[in-house]
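Visitor: First the structure, then my questions, so here it is.
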Amino acid sequence: MRTIGVLTSGGDAPGMNAAIRAVVRGAVYNKVKVYGIRRGYEGLLEGDIAEMEVSSVSDIIQRGGTVLRTARSQEFMEPAGFKRALDMLENFEIGGLVVIGGDGSLTGGRELSHAGISVMGLPGTIDNDLAYTECSIGFDTAVNTVLSAISNIRDTSSSHGRCTVVEVMGRNCGDIALYAGLAGGAEYILIPEKETDLNAMCRKIIQGKNRGKLHSLIIRAEGAELGTAELAKIIEQRTGLETKAVVLGYTQRGGSPTARDRILASLMGYRAIELLLSGNRSKAVGIKGGSIIDMDLDKALDMKRVWNGTIMDLCDILSI
Ligand code: F6P
């Protein structure tokens with residue numbers, strides 16, 4: 001393997017830059033030429049490709065977003081666009097590719113690997129929705145961002161004796177809601193993986209108020225049933241408590257990555273280089289039980305996610 005490429009694709013996630021840095025410096029250290037492909041698969045099929053050196057990734061480990069920029073490419077998913085992407089890889093003699101992104105991005109990588117390119121997939125998404133890895137790059141930072149917002153909201157909610165519904169990201173995955181909910185002491189968490197018990201939620205809010213609680217915090221994952229504003233209205237009607245709706249939105253995608261995300265990204269990025277150098281064709285890099293793992297990309301993407309019911313139960317118990 002003499003020449004490789006690296007790209008970030010899909011929604012950006014804090015820690016992607018640390019992963020790019022590890023890939024580029026890992027490649028240079030091992031005397032491999034490395035190209036940065038800008039704007040994900042969109043940039044690949046357009047030939048938006050430039051060689052990267054040690055200094056190309058200076059001063060980026062602490063930055064959110066992705067210096068390679070990103071995109072969600074419709075064209076790449078069509079036969080003509082896919083063929084152009086393959087032609088570009090050939091033009092630049094790129095035999096190995098490191099793809100940093102979520103489910104859709106790694107699925108794109110899987111297609112390229114079926115077409116003969118060596119592809120190493122790194123999980124880069126705040127959603128934490130990839131089944132094969134316990135944690136994705138960006139998830140920890142997003143949870144901490146939500147936590148900091150929740151803490152601010154608590155202050156004002158308590159002062160006014162209000163209930164607040166906070167909507168967090170995650171697409172069809174409830175992990176950001178679950179983990180930020182547990183860490184932030186939420187009264188109730190709504191996630192797409194579990195049916196919501198409106199009676200239990202309202203009962204809890206009222207019982208908390210009767211016990212002297214000054215506020216109630218409800219975390220709703222964006223993919224859960226009912227809209228956030230609608231939910232706030234229902235709570236207000238059924239409990240009599242003034243209820244506000246807050247949508248955190250893209251604040252969760254930005255910001256300087258936590259130490260955990262930087263470390264994860266560095267370990268995973270370097271593992272991708274090692275895997276390419278030892279002749280692997282198609283791998284997904286992840287983490288399990290605190291150790292970096294790699295697994296066949298097809299197998300990794302075919303795995304079904306199991307959500308963590310223990311976190312939900314614990315949150316319910318501790319917020320009585
Ligand atoms: O996958 C990351 C994510 O932020 C999801 O949580 C969210 O549903 C989606 O991306 C938003 O996508 P876009 O950036 O295209 O609006």
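Here, A, B, ... name the chains of the structure tokens in the order displayed, residue numbers run from 1 inside each chain, and ligands are numbered from 1 in the same displayed order.
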Throw together the list of residues within 6 Å of ligand 1, counting only C-alpha atoms and all ligand atoms, and drop it here as number ranges by chain.

Guide: A: 11, 125-127, 169-171

Visitor: Give me the residues within 6 Å of Ile37 in chain A as a list in words, counting only C-alpha atoms and dropping any in the same chain fewer than 6 places off.

Guide: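 In the requested format, the answer is Val6, Leu7, Leu44 and Ile49 of chain A.
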
Visitor: Could those residues be written to a file, using all heavy atoms, as a compact mmCIF listing (two decimals), in the first residue's frame?

Guide:
```txt
# COMPACT_ATOMS: atom_id res chain seq x y z
N VAL A 6 -8.07 9.82 2.56
CA VAL A 6 -8.90 9.92 3.76
C VAL A 6 -10.02 10.92 3.49
O VAL A 6 -9.79 11.96 2.87
CB VAL A 6 -8.06 10.30 5.02
CG1 VAL A 6 -7.26 11.58 4.83
CG2 VAL A 6 -8.95 10.41 6.26
N LEU A 7 -11.22 10.57 3.93
CA LEU A 7 -12.35 11.49 3.77
C LEU A 7 -13.27 11.43 4.98
O LEU A 7 -13.31 10.43 5.70
CB LEU A 7 -13.13 11.21 2.48
CG LEU A 7 -13.84 9.86 2.27
CD1 LEU A 7 -15.20 9.83 2.95
CD2 LEU A 7 -14.04 9.62 0.77
N LEU A 44 -14.92 13.36 -3.76
CA LEU A 44 -14.19 12.26 -4.40
C LEU A 44 -14.56 12.18 -5.88
O LEU A 44 -13.67 12.15 -6.74
CB LEU A 44 -14.52 10.93 -3.68
CG LEU A 44 -13.98 9.66 -4.34
CD1 LEU A 44 -12.45 9.69 -4.44
CD2 LEU A 44 -14.41 8.41 -3.56
N ILE A 49 -9.24 16.65 -4.47
CA ILE A 49 -8.28 15.79 -3.77
C ILE A 49 -6.91 16.49 -3.74
O ILE A 49 -6.47 17.01 -4.75
CB ILE A 49 -8.15 14.43 -4.53
CG1 ILE A 49 -9.51 13.72 -4.54
CG2 ILE A 49 -7.07 13.54 -3.93
CD1 ILE A 49 -9.58 12.51 -5.47
```

Visitor: Report as a PyMOL selection string all protein, DNA and RNA residues lying within 7 Å of range 187-196 of chain A, evaluated on only C-alpha atoms, omitting residues in the same chain fewer than 3 positions from it.

Guide: chain A and resi 172-174+177-178+181+201+216-221+223-225+316+319

Visitor: Which residue gives the smallest distance to Met120 in chain A among A:Gln74, A:Thr107, A:Thr310, A:Ser136, with only C-alpha atoms counted?

Guide: A:Thr107

Visitor: I need the alpha helix (DSSP H) residues of range 43-267 of chain A per DSSP on the backbone, written as a VMD selection string.

Guide: chain A and resid 43 to 46 79 to 91 103 to 114 139 to 160 175 to 184 198 to 210 228 to 239 259 to 267

Visitor: Just give me the gap between CA of His160 in chain A and CA of Lys209 in chain A in Å, one decimal is fine.

Guide: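 Separation of CA of His160 in chain A and CA of Lys209 in chain A: 12.6 Å.
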
Visitor: Could you pull out the residues in range 194-270 of chain A that DSSP calls strand (DSSP E) from the backbone, as a PyMOL selection string?

Guide: chain A and resi 216-221+243-247

Visitor: Would you pick out the contacts of Met303 in chain A at 12 Å or less, using only C-alpha atoms, so that residues sharing its chain but fewer than 2 positions from it are not included, and give the list as a short mmCIF file (atom, residue, chain, number, x, y, z; two decimals) with all heavy atoms, in the first residue's frame?

Guide:
```cif
data_model
loop_
_atom_site.label_atom_id
_atom_site.label_comp_id
_atom_site.auth_asym_id
_atom_site.auth_seq_id
_atom_site.Cartn_x
_atom_site.Cartn_y
_atom_site.Cartn_z
N ASP A 103 -23.28 5.62 9.65
CA ASP A 103 -23.81 4.45 8.95
C ASP A 103 -23.79 4.58 7.42
O ASP A 103 -23.26 3.72 6.71
CB ASP A 103 -25.25 4.27 9.47
CG ASP A 103 -25.82 2.94 9.05
OD1 ASP A 103 -25.05 1.97 8.99
OD2 ASP A 103 -27.03 2.89 8.75
N ASP A 129 -24.94 5.36 16.71
CA ASP A 129 -25.93 4.40 16.24
C ASP A 129 -25.34 3.21 15.47
O ASP A 129 -26.07 2.49 14.79
CB ASP A 129 -26.98 5.11 15.37
CG ASP A 129 -26.36 5.83 14.17
OD1 ASP A 129 -25.12 5.92 14.10
OD2 ASP A 129 -27.12 6.30 13.32
N LEU A 130 -24.02 3.02 15.57
CA LEU A 130 -23.42 1.88 14.88
C LEU A 130 -23.31 0.71 15.86
O LEU A 130 -22.69 0.83 16.92
CB LEU A 130 -22.03 2.27 14.33
CG LEU A 130 -22.11 3.22 13.12
CD1 LEU A 130 -20.86 4.07 13.01
CD2 LEU A 130 -22.34 2.43 11.84
N ALA A 131 -23.92 -0.41 15.48
CA ALA A 131 -24.05 -1.55 16.40
C ALA A 131 -22.72 -2.19 16.78
O ALA A 131 -22.57 -2.69 17.90
CB ALA A 131 -24.96 -2.60 15.77
N TYR A 132 -21.74 -2.15 15.88
CA TYR A 132 -20.52 -2.94 16.11
C TYR A 132 -19.57 -2.30 17.12
O TYR A 132 -18.62 -2.93 17.57
CB TYR A 132 -19.78 -3.18 14.77
CG TYR A 132 -18.99 -1.99 14.28
CD1 TYR A 132 -17.66 -1.84 14.63
CD2 TYR A 132 -19.59 -1.01 13.49
CE1 TYR A 132 -16.92 -0.75 14.20
CE2 TYR A 132 -18.87 0.08 13.07
CZ TYR A 132 -17.53 0.20 13.43
OH TYR A 132 -16.81 1.29 13.00
N THR A 133 -19.78 -1.03 17.44
CA THR A 133 -18.86 -0.34 18.35
C THR A 133 -19.63 0.23 19.55
O THR A 133 -20.75 0.71 19.39
CB THR A 133 -18.09 0.79 17.61
OG1 THR A 133 -17.21 1.43 18.53
CG2 THR A 133 -19.01 1.84 16.99
N ALA A 284 -13.95 -2.41 9.73
CA ALA A 284 -14.54 -1.32 10.51
C ALA A 284 -13.79 -1.30 11.84
O ALA A 284 -13.58 -2.35 12.45
CB ALA A 284 -16.01 -1.58 10.75
N MET A 295 -13.19 -5.24 12.69
CA MET A 295 -14.11 -6.29 12.30
C MET A 295 -14.39 -6.14 10.80
O MET A 295 -14.33 -5.03 10.28
CB MET A 295 -15.39 -6.06 13.11
CG MET A 295 -16.51 -6.96 12.85
SD MET A 295 -17.97 -6.49 13.80
CE MET A 295 -17.46 -6.66 15.47
N ASP A 296 -14.69 -7.23 10.15
CA ASP A 296 -15.05 -7.19 8.74
C ASP A 296 -16.16 -6.13 8.53
O ASP A 296 -17.15 -6.13 9.27
CB ASP A 296 -15.54 -8.58 8.34
CG ASP A 296 -16.01 -8.61 6.92
OD1 ASP A 296 -15.16 -8.54 6.03
OD2 ASP A 296 -17.25 -8.65 6.71
N LEU A 297 -15.97 -5.25 7.55
CA LEU A 297 -16.90 -4.13 7.35
C LEU A 297 -18.33 -4.60 7.07
O LEU A 297 -19.31 -4.06 7.62
CB LEU A 297 -16.39 -3.23 6.21
CG LEU A 297 -17.05 -1.88 5.96
CD1 LEU A 297 -17.14 -1.02 7.20
CD2 LEU A 297 -16.30 -1.13 4.87
N ASP A 298 -18.45 -5.63 6.24
CA ASP A 298 -19.79 -6.17 5.93
C ASP A 298 -20.48 -6.65 7.20
O ASP A 298 -21.63 -6.33 7.46
CB ASP A 298 -19.68 -7.37 4.97
CG ASP A 298 -19.54 -6.91 3.54
OD1 ASP A 298 -20.40 -6.16 3.08
OD2 ASP A 298 -18.55 -7.29 2.88
N LYS A 299 -19.72 -7.42 7.98
CA LYS A 299 -20.28 -8.00 9.20
C LYS A 299 -20.68 -6.87 10.18
O LYS A 299 -21.76 -6.90 10.78
CB LYS A 299 -19.21 -8.90 9.83
CG LYS A 299 -19.74 -9.85 10.87
CD LYS A 299 -18.65 -10.80 11.32
CE LYS A 299 -18.91 -11.15 12.77
NZ LYS A 299 -17.73 -11.56 13.49
N ALA A 300 -19.80 -5.89 10.31
CA ALA A 300 -20.05 -4.79 11.25
C ALA A 300 -21.33 -4.05 10.89
O ALA A 300 -22.15 -3.72 11.75
CB ALA A 300 -18.87 -3.82 11.24
N LEU A 301 -21.52 -3.79 9.58
CA LEU A 301 -22.69 -3.01 9.17
C LEU A 301 -23.98 -3.82 9.18
O LEU A 301 -25.07 -3.26 9.20
CB LEU A 301 -22.45 -2.39 7.78
CG LEU A 301 -21.36 -1.33 7.75
CD1 LEU A 301 -21.10 -0.85 6.33
CD2 LEU A 301 -21.71 -0.13 8.63
N ARG A 305 -28.40 -3.04 16.23
CA ARG A 305 -28.15 -2.33 17.49
C ARG A 305 -29.07 -2.80 18.61
O ARG A 305 -30.24 -3.06 18.38
CB ARG A 305 -28.42 -0.82 17.30
CG ARG A 305 -27.19 -0.01 17.12
CD ARG A 305 -27.50 1.46 17.27
NE ARG A 305 -27.42 1.87 18.66
CZ ARG A 305 -28.45 2.22 19.39
NH1 ARG A 305 -29.67 2.20 18.93
NH2 ARG A 305 -28.26 2.59 20.64
N VAL A 306 -28.50 -2.93 19.80
CA VAL A 306 -29.32 -3.24 20.97
C VAL A 306 -29.20 -2.04 21.91
O VAL A 306 -28.10 -1.67 22.31
CB VAL A 306 -28.77 -4.49 21.70
CG1 VAL A 306 -29.68 -4.88 22.85
CG2 VAL A 306 -28.61 -5.65 20.72
#
```

Visitor: Between CA of Val119 in chain A and CA of Pro257 in chain A, what is the spacing in Å?

Guide: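 One can read the CA of Pro257 in chain A to CA of Val119 in chain A distance as 25.1 Å.
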
Visitor: Which residue out of A:Val24, A:Leu241, A:Leu45, A:Met77 has the minimum interatomic distance to Ser266 in chain A when only C-alpha atoms are used?

Guide: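 Checking each of A:Val24, A:Leu241, A:Leu45, A:Met77 against Ser266 in chain A, counting only C-alpha atoms, the winner is A:Val24.
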
Visitor: Name all residues at most 10 Å from Glu42 in chain A (count only C-alpha atoms; drop same-chain ones fewer than 5 positions away) and give them as a PyMOL selection string.

Guide: chain A and resi 9+37+47-48+70-76+81-82+85

Visitor: When you look at Pro14 in chain A with a cut-off of 8 Å (counting only C-alpha atoms), what residues show up, excluding the ones that are within fewer than 3 positions of it in the same chain? I need them as a list in words.

Guide: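 Counting only C-alpha atoms, the residues come to Asn17, Arg63, Gly64, Gly65, Thr66, Ile126, Ile137, Gly138, Thr141, Ala142, Arg253, Gly254, Gly255, Ser256, Pro257 and Asp261 of chain A.
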
Visitor: Please, could you write that set of residues out with N, CA, C and O atoms as a PDB file, in the first residue's frame?

Guide:
```
ATOM      1  N   ASN A  17     -11.423  15.743  13.307  1.00  0.00           N
ATOM      2  CA  ASN A  17     -10.101  16.316  12.996  1.00  0.00           C
ATOM      3  C   ASN A  17      -8.971  15.531  13.660  1.00  0.00           C
ATOM      4  O   ASN A  17      -7.906  15.337  13.063  1.00  0.00           O
ATOM      5  N   ARG A  63      -9.963  21.078  17.413  1.00  0.00           N
ATOM      6  CA  ARG A  63     -11.066  21.763  16.719  1.00  0.00           C
ATOM      7  C   ARG A  63     -12.240  20.844  16.381  1.00  0.00           C
ATOM      8  O   ARG A  63     -12.039  19.702  15.957  1.00  0.00           O
ATOM      9  N   GLY A  64     -13.455  21.372  16.544  1.00  0.00           N
ATOM     10  CA  GLY A  64     -14.646  20.638  16.124  1.00  0.00           C
ATOM     11  C   GLY A  64     -14.792  20.712  14.611  1.00  0.00           C
ATOM     12  O   GLY A  64     -13.960  21.309  13.926  1.00  0.00           O
ATOM     13  N   GLY A  65     -15.830  20.108  14.069  1.00  0.00           N
ATOM     14  CA  GLY A  65     -16.038  20.098  12.620  1.00  0.00           C
ATOM     15  C   GLY A  65     -15.030  19.195  11.941  1.00  0.00           C
ATOM     16  O   GLY A  65     -14.440  18.308  12.575  1.00  0.00           O
ATOM     17  N   THR A  66     -14.806  19.422  10.654  1.00  0.00           N
ATOM     18  CA  THR A  66     -13.810  18.637   9.933  1.00  0.00           C
ATOM     19  C   THR A  66     -13.094  19.525   8.924  1.00  0.00           C
ATOM     20  O   THR A  66     -13.761  20.172   8.095  1.00  0.00           O
ATOM     21  N   ILE A 126     -22.133  11.766  16.006  1.00  0.00           N
ATOM     22  CA  ILE A 126     -22.573  12.043  17.381  1.00  0.00           C
ATOM     23  C   ILE A 126     -23.666  11.074  17.806  1.00  0.00           C
ATOM     24  O   ILE A 126     -23.937  10.909  18.981  1.00  0.00           O
ATOM     25  N   ILE A 137     -16.864   8.239  17.484  1.00  0.00           N
ATOM     26  CA  ILE A 137     -16.156   9.514  17.660  1.00  0.00           C
ATOM     27  C   ILE A 137     -17.183  10.658  17.592  1.00  0.00           C
ATOM     28  O   ILE A 137     -17.935  10.737  16.629  1.00  0.00           O
ATOM     29  N   GLY A 138     -17.220  11.499  18.602  1.00  0.00           N
ATOM     30  CA  GLY A 138     -18.133  12.643  18.622  1.00  0.00           C
ATOM     31  C   GLY A 138     -19.260  12.480  19.630  1.00  0.00           C
ATOM     32  O   GLY A 138     -19.839  13.467  20.087  1.00  0.00           O
ATOM     33  N   THR A 141     -18.505  14.061  23.200  1.00  0.00           N
ATOM     34  CA  THR A 141     -18.559  15.532  23.182  1.00  0.00           C
ATOM     35  C   THR A 141     -20.018  16.000  23.122  1.00  0.00           C
ATOM     36  O   THR A 141     -20.415  16.935  23.833  1.00  0.00           O
ATOM     37  N   ALA A 142     -20.815  15.345  22.270  1.00  0.00           N
ATOM     38  CA  ALA A 142     -22.221  15.746  22.131  1.00  0.00           C
ATOM     39  C   ALA A 142     -22.962  15.568  23.463  1.00  0.00           C
ATOM     40  O   ALA A 142     -23.737  16.445  23.873  1.00  0.00           O
ATOM     41  N   ARG A 253     -23.522  19.432  17.505  1.00  0.00           N
ATOM     42  CA  ARG A 253     -22.573  18.897  16.515  1.00  0.00           C
ATOM     43  C   ARG A 253     -21.223  19.605  16.560  1.00  0.00           C
ATOM     44  O   ARG A 253     -20.226  19.076  16.065  1.00  0.00           O
ATOM     45  N   GLY A 254     -21.212  20.826  17.132  1.00  0.00           N
ATOM     46  CA  GLY A 254     -19.967  21.587  17.118  1.00  0.00           C
ATOM     47  C   GLY A 254     -19.207  21.484  18.425  1.00  0.00           C
ATOM     48  O   GLY A 254     -19.566  20.693  19.305  1.00  0.00           O
ATOM     49  N   GLY A 255     -18.163  22.286  18.529  1.00  0.00           N
ATOM     50  CA  GLY A 255     -17.403  22.382  19.776  1.00  0.00           C
ATOM     51  C   GLY A 255     -16.143  21.555  19.780  1.00  0.00           C
ATOM     52  O   GLY A 255     -15.989  20.614  19.004  1.00  0.00           O
ATOM     53  N   SER A 256     -15.253  21.966  20.680  1.00  0.00           N
ATOM     54  CA  SER A 256     -13.971  21.280  20.814  1.00  0.00           C
ATOM     55  C   SER A 256     -14.200  19.868  21.372  1.00  0.00           C
ATOM     56  O   SER A 256     -14.936  19.699  22.341  1.00  0.00           O
ATOM     57  N   PRO A 257     -13.599  18.842  20.761  1.00  0.00           N
ATOM     58  CA  PRO A 257     -13.821  17.474  21.251  1.00  0.00           C
ATOM     59  C   PRO A 257     -13.273  17.248  22.648  1.00  0.00           C
ATOM     60  O   PRO A 257     -12.260  17.825  23.030  1.00  0.00           O
ATOM     61  N   ASP A 261     -12.974  11.786  23.195  1.00  0.00           N
ATOM     62  CA  ASP A 261     -13.127  11.712  21.738  1.00  0.00           C
ATOM     63  C   ASP A 261     -11.794  11.869  21.012  1.00  0.00           C
ATOM     64  O   ASP A 261     -11.556  11.211  19.995  1.00  0.00           O
TER      65      ASP A 261
END
```

Visitor: Neighbours of Gly240 in chain A within 12 Å (only C-alpha atoms; same-chain residues fewer than 4 positions away dropped), as a ChimeraX atom specification?

Guide: /A:161-163,202-203,205-206,209,232-236

Visitor: Select, from A:Arg69, A:Arg262, A:Arg110, A:Arg238, the residue with the minimum atom-to-atom distance to Lys283 in chain A, counting only C-alpha atoms.

Guide: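 Result for the nearest residue to Lys283 in chain A: A:Arg110.
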
Visitor: One number please: CA of Val247 in chain A to CA of Val166 in chain A, in Å, one decimal.

Guide: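 Between these atoms lies a distance of 5.9 Å.
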
Visitor: Please determine, counting only C-alpha atoms, which residue among A:Gly109, A:Gly102, A:Gly40, A:Gly10 has the shortest atom-to-atom distance to Asn128 in chain A.

Guide: A:Gly102

Visitor: Select, from A:Tyr179, A:Lys304, A:Lys213, A:Ile317, the residue with the minimum atom-to-atom distance to Val146 in chain A, counting only C-alpha atoms.

Guide: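 So, comparing all the options, the nearest one is A:Tyr179.
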